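Here is the structure we will look at.
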Amino acid sequence: MSTPATVTHTVDADGIGWITFDDPASRANVYNPPTQAALRAAIEALAMQPVKAVVVISGKEKIFIAGADLRWLGKLPDAKAGAQAARDGQALFGLLADFKVPVVAAIHGACPGGAYETALACHWRVATDAKETVIGLPEVGLGLIPGWGGCARLPRLIGAQAAADHIVKATLLPAKVALQTGLIDELVPPADLRARAKAAALKLAAEGKPARISPPPADAAFFAEQRKLALTRLRGQPAPLAALDAIEQGSGLTLPLALELEAALFGEVAASEVAKNLIHVFFLKDAVKKLTVDAWFPPVGGSLSPDTSAASGRKASPTPPVPFKKVGVIGAGVMGSGIAQWCAARGYTVVMRDVQPEFVERGLSIIKGVFDEAVARKKMKTEDAAAAFARVTGTTDLARFADCDLVIEAIVENVAAKQALFADLAPVVRADCVLASNTSALPIEELASTASHPGRTVGIHFFNPVSKMPLAEIVLSPHTTRDTADRVLAFTKQLGKTPVICRSSPGFFVTRVLFFYLNEACALWEQGVPTDVIDRAMRDWGWPMGPMRLIDEVGVDVTDFIYGEMKHYFPGRFAGATVCSRMLAAGLKGRKNGASAGFYTYAGKEALNPAMAKFAPEAGKTMDARAIQEHLNGVMIAETERVLAEGVLKTADDADFALLMGTGFPAFRGGLMRYAKSAGRSKG
């Protein structure tokens with residue numbers, strides 16, 4: 001029995017040939033060797049027929065073509081194989097570019113990478129104005145470069161400078177922006193795509209392939225500046241530099257030579273460890289879409305033994321979890337207002353409570369400011385922001401939570417205060433209301449010891465700022481039921497956050513590992529290693545900022561508090577550095593809540609804080625960048641291995657994902673534990 005073709009062809013009554021991508025076994029069309037073979041067969045078959053023009057179209061609702069199969073690309077063994085894969089794709093698309101009659105690309109839905117390179121090889125590009133239609137060449141974000149003609153053809157279409165800007169940024173553009181940029185030629189409503197594509201094909205059949213103006217040559221000064229920026233912002237990644245080489249050098253060559261240069265450079269980056277790491281990260285992020293709580297609640301009596309970290313409610317529900325509709329938030333500070341704003345923006349009715357009216361008003365003002373910023377940055381329409389803000393009400397009355405489906409506390413990080421709050425909520429909320437804590441470090445079972453229904457307690461640890469940080473840790477106590485976990489996971493996904501599930505433990509995962517790292521950086525500082533030396537070493541390794549600068553951003557007060565918690569829960573291993581407590585005593589709070597000095601000063605241009613000299617040891621310590629990197633990374637690796645051994649997380653991939661999304665761990669390294677394994681630093 002033959003496998004149904006992923007690409008088919010037909011010829012209509014007007015002599016227009018149609019090449020249709022529609023893989024019957026998948027929701028998306030993906031380029032791999034079988035799909036390439038099917039496309040070649042369709043092109044060659046149409047070449048044997050008297051067609052007037054050809055239209056390339058997709059049968060999928062939301063995806064034109066998803067691009068190349070990354071699992072296939074990730075297995076390319078070496079640069080030679082990578083270069084050959086590029087040449088094969090280039091030759092295939094060359095059949096479209098050199099076809100005997102005009103070829104029109106009819107684009108609806110996502111059109112990334114190889115999909116857009118398909119369209120680039122066509123002679124005219126029509127796209128729908130639907131929100132799901134996004135277009136471009138994002139390969140650099142995966143450690144690759146466009147290798148099927150993108151680096152050679154796009155500069156010839158829109159100019160070398162514009163092509164370089166687009167390719168290095170690795171973004172997908174809405175169709176309207178793609179039209180303005182020159183990536184496509186025509187924008188149409190989705191319902192008109194087929195008819196308008198056919199009309200364009202008939203017009204080109206009558207008039208011939210379109211003549212395009214040759215763009216200006218590459219400007220050497222522009223490319224020199226782009227290389228400098230790439231070395232600064234994307235350090236450690238070869239793809240941006242390879243893309244710039246392919247575009248600048250290729251724009252001065254004939255198309256065949258430019259394609260060969262592109263293929264050679266693609267082979268080099270595709271075989272690199274960076275590309276394989278970034279592809280691995282892509283799949284880590286993709287896996288979150290399918291995340292369930294199954295691993296934490298194996299079926300009783302099944303082949304899996306019961307998980308003692310979640311002792312009740314293991315049986316999976318046959319029906320979808322009941323969604324939350326009304327959310328209560330207790331605490332109108334930075335975190336509480338951030339959570340309330342994000343929930344309201346996603347359609348939830350929100351009531352936010354604090355103990356004083358002025359605290360509530362300040363929280364509402366913060367929320368209004370976030371919505372105003374979203375409007376100013378064109379992330380939201382004015383009317384949508386106003387409607388979302390109207391979904392938030394403020395109160396000092398705990399009784400307003402009586403009809404909430406979920407209540408999230410975001411008050412001071414104090415066990416006694418949180419226990420008192422849960423006790424006060426017990427007679428107020430419904431029996432089916434879920435109670436969640438936004439604590440970043442305190443064990444959920446300790447906080448919920450006063451709750452009337454411990455099974456409906458859970459941790460939802462959002463990261464600050466809530467409107468920008470994608471990660472949310474879902475923290476299961478020994479009492480959390482499966483139904484509660486299911487509902488909270490669905491809620492987190494509905495919020496657009498990327499969740500990781502962990503067992504309740506001091507610091508959970510991200511806070512615990514991150515603050516062991518920050519504390520060790522402070523220990524190096526106390527031994528005499530200068531602030532800028534420590535920070536520069538970690539930035540050079542790939543972190544977006546160094547640990548001392550991160551302490552300023554988190555807040556010296558928060559850092560010192562969490563140091564105290566870690567010392568309390570891990571007395572045998574966490575020797576808390578004292579520099580943060582001394583800084584607080586001197587009024588140095590970092591950059592949090594308007595403070596302007598910590599390890600650095602922020603009044604005007606950011607600079608090292610000379611006031612830190614009074615806390616520093618008399619003798620400096622010499623330590624090179626590599627030693628600093630190995631030492632601080634080693635602390636994180638060792639603590640993550642302990643977390644995994646304790647069962648706080650299920651897999652090393654979970655740990656990698658959490659640090660990538662929650663701390664800014666450099667994605668091109670592939671994740672902490674993946675790096676540890678490749679560097680021979682893991683015990684596993």
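Please note that chains go A, B, ... in the order of the structure tokens, that every chain numbers its residues from 1, and that ligands are numbered from 1 in the order shown.
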So that I can see what lies close to region 489-504 of chain A, please list as a VMD selection string the residues with an atom at most 6 Å from it, counting only C-alpha atoms and leaving out residues fewer than 4 positions away in the same chain. chain A and resid 443 to 444 470 to 477 508 648 to 649
Can you list every residue of region 544-654 of chain A that has an atom at most 6 Å from region 518-532 of chain A, with its nearest atom pair and the distance in Å to one decimal, using only C-alpha atoms, ordered by chain then number, as JSON lines?
```
{"residue": "A:Pro547", "atom": "CA", "partner": "A:Leu518", "partner_atom": "CA", "distance": 5.8}
{"residue": "A:Ala577", "atom": "CA", "partner": "A:Ala523", "partner_atom": "CA", "distance": 5.7}
{"residue": "A:Pro617", "atom": "CA", "partner": "A:Gly528", "partner_atom": "CA", "distance": 5.7}
{"residue": "A:Gly620", "atom": "CA", "partner": "A:Gly528", "partner_atom": "CA", "distance": 4.1}
{"residue": "A:Lys621", "atom": "CA", "partner": "A:Gly528", "partner_atom": "CA", "distance": 4.5}
```
Long-range neighbours of Gln629 (chain A) as a compact mmCIF listing (two decimals) with C-alpha atoms, in the first residue's frame, 7 Å cut-off, only C-alpha atoms, 4 positions minimum in chain:
```txt
# COMPACT_ATOMS: atom_id res chain seq x y z
CA ALA A 537 33.42 36.62 32.79
CA MET A 538 29.82 35.41 33.00
CA ALA A 625 37.55 34.42 33.36
CA ASN A 633 28.71 27.09 36.63
```
Find the residues near region 167-184 of chain A: any atom within 7 Å, counting only C-alpha atoms, skip ones fewer than 3 places away on the same chain, and give them as a PDB file with N, CA and C atoms, in the first residue's frame.
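Listing of around.pdb after writing:
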```pdb
ATOM      1  N   PRO A 112       7.708  30.134   7.710  1.00  0.00           N
ATOM      2  CA  PRO A 112       9.061  30.391   8.197  1.00  0.00           C
ATOM      3  C   PRO A 112      10.131  29.627   7.416  1.00  0.00           C
ATOM      4  N   ARG A 125       4.532  36.705  -4.983  1.00  0.00           N
ATOM      5  CA  ARG A 125       4.151  36.207  -3.663  1.00  0.00           C
ATOM      6  C   ARG A 125       2.894  36.933  -3.170  1.00  0.00           C
ATOM      7  N   VAL A 126       1.825  36.176  -3.005  1.00  0.00           N
ATOM      8  CA  VAL A 126       0.557  36.690  -2.491  1.00  0.00           C
ATOM      9  C   VAL A 126       0.344  36.068  -1.109  1.00  0.00           C
ATOM     10  N   ALA A 127      -0.003  36.894  -0.120  1.00  0.00           N
ATOM     11  CA  ALA A 127      -0.221  36.385   1.241  1.00  0.00           C
ATOM     12  C   ALA A 127      -1.518  36.935   1.802  1.00  0.00           C
ATOM     13  N   THR A 128      -2.113  36.192   2.722  1.00  0.00           N
ATOM     14  CA  THR A 128      -3.338  36.668   3.377  1.00  0.00           C
ATOM     15  C   THR A 128      -2.997  37.607   4.524  1.00  0.00           C
ATOM     16  N   ASP A 129      -3.977  38.440   4.860  1.00  0.00           N
ATOM     17  CA  ASP A 129      -3.783  39.377   5.963  1.00  0.00           C
ATOM     18  C   ASP A 129      -4.239  38.792   7.299  1.00  0.00           C
ATOM     19  N   THR A 133      -0.844  34.481   9.576  1.00  0.00           N
ATOM     20  CA  THR A 133       0.129  34.544   8.490  1.00  0.00           C
ATOM     21  C   THR A 133       1.327  35.380   8.929  1.00  0.00           C
ATOM     22  N   VAL A 134       2.409  34.709   9.223  1.00  0.00           N
ATOM     23  CA  VAL A 134       3.670  35.352   9.606  1.00  0.00           C
ATOM     24  C   VAL A 134       4.763  34.796   8.706  1.00  0.00           C
ATOM     25  N   ILE A 135       5.677  35.667   8.316  1.00  0.00           N
ATOM     26  CA  ILE A 135       6.579  35.339   7.219  1.00  0.00           C
ATOM     27  C   ILE A 135       8.006  35.753   7.568  1.00  0.00           C
ATOM     28  N   GLY A 136       8.980  34.935   7.188  1.00  0.00           N
ATOM     29  CA  GLY A 136      10.361  35.359   7.360  1.00  0.00           C
ATOM     30  C   GLY A 136      11.349  34.227   7.473  1.00  0.00           C
ATOM     31  N   LEU A 137      12.566  34.599   7.819  1.00  0.00           N
ATOM     32  CA  LEU A 137      13.687  33.666   7.878  1.00  0.00           C
ATOM     33  C   LEU A 137      14.275  33.677   9.290  1.00  0.00           C
ATOM     34  N   PRO A 138      13.784  32.809  10.193  1.00  0.00           N
ATOM     35  CA  PRO A 138      14.229  32.826  11.588  1.00  0.00           C
ATOM     36  C   PRO A 138      15.393  31.892  11.899  1.00  0.00           C
ATOM     37  N   GLU A 139      16.085  31.400  10.881  1.00  0.00           N
ATOM     38  CA  GLU A 139      17.080  30.343  11.100  1.00  0.00           C
ATOM     39  C   GLU A 139      18.194  30.720  12.069  1.00  0.00           C
ATOM     40  N   VAL A 140      18.624  31.986  12.069  1.00  0.00           N
ATOM     41  CA  VAL A 140      19.728  32.382  12.950  1.00  0.00           C
ATOM     42  C   VAL A 140      19.370  32.122  14.415  1.00  0.00           C
ATOM     43  N   GLY A 141      18.084  32.233  14.757  1.00  0.00           N
ATOM     44  CA  GLY A 141      17.650  31.940  16.115  1.00  0.00           C
ATOM     45  C   GLY A 141      17.810  30.483  16.491  1.00  0.00           C
ATOM     46  N   ILE A 158      15.293  42.656  -1.835  1.00  0.00           N
ATOM     47  CA  ILE A 158      15.074  43.870  -1.028  1.00  0.00           C
ATOM     48  C   ILE A 158      16.367  44.622  -0.715  1.00  0.00           C
ATOM     49  N   ALA A 163      18.115  42.827   3.896  1.00  0.00           N
ATOM     50  CA  ALA A 163      18.124  41.373   4.062  1.00  0.00           C
ATOM     51  C   ALA A 163      18.913  40.974   5.304  1.00  0.00           C
ATOM     52  N   ALA A 164      20.061  41.612   5.494  1.00  0.00           N
ATOM     53  CA  ALA A 164      20.885  41.304   6.666  1.00  0.00           C
ATOM     54  C   ALA A 164      20.146  41.657   7.951  1.00  0.00           C
ATOM     55  N   PRO A 240      25.117  34.299  13.200  1.00  0.00           N
ATOM     56  CA  PRO A 240      24.971  35.682  12.722  1.00  0.00           C
ATOM     57  C   PRO A 240      26.130  36.117  11.822  1.00  0.00           C
TER      58      PRO A 240
END
```
In terms of only C-alpha atoms, the residue from A:Ser337, A:Asn609, A:Asn32, A:Thr382 at minimal distance from Met548 (chain A) is A:Asn609
Enumerate the residues of region 355-602 of chain A with a DSSP assignment of helix (DSSP H, G or I), computed from the backbone, and present them as a PyMOL selection string. chain A and resi 357-376+382-390+398-401+415-425+444-450+454-456+482-494+510-526+531-541+547-554+556-569+579-585+592-594
Point out the residue among A:Glu358, A:Glu646, A:Glu409, A:Asp372 with the least atom-to-atom distance to Gly394 (chain A), counting only C-alpha atoms. A:Glu358
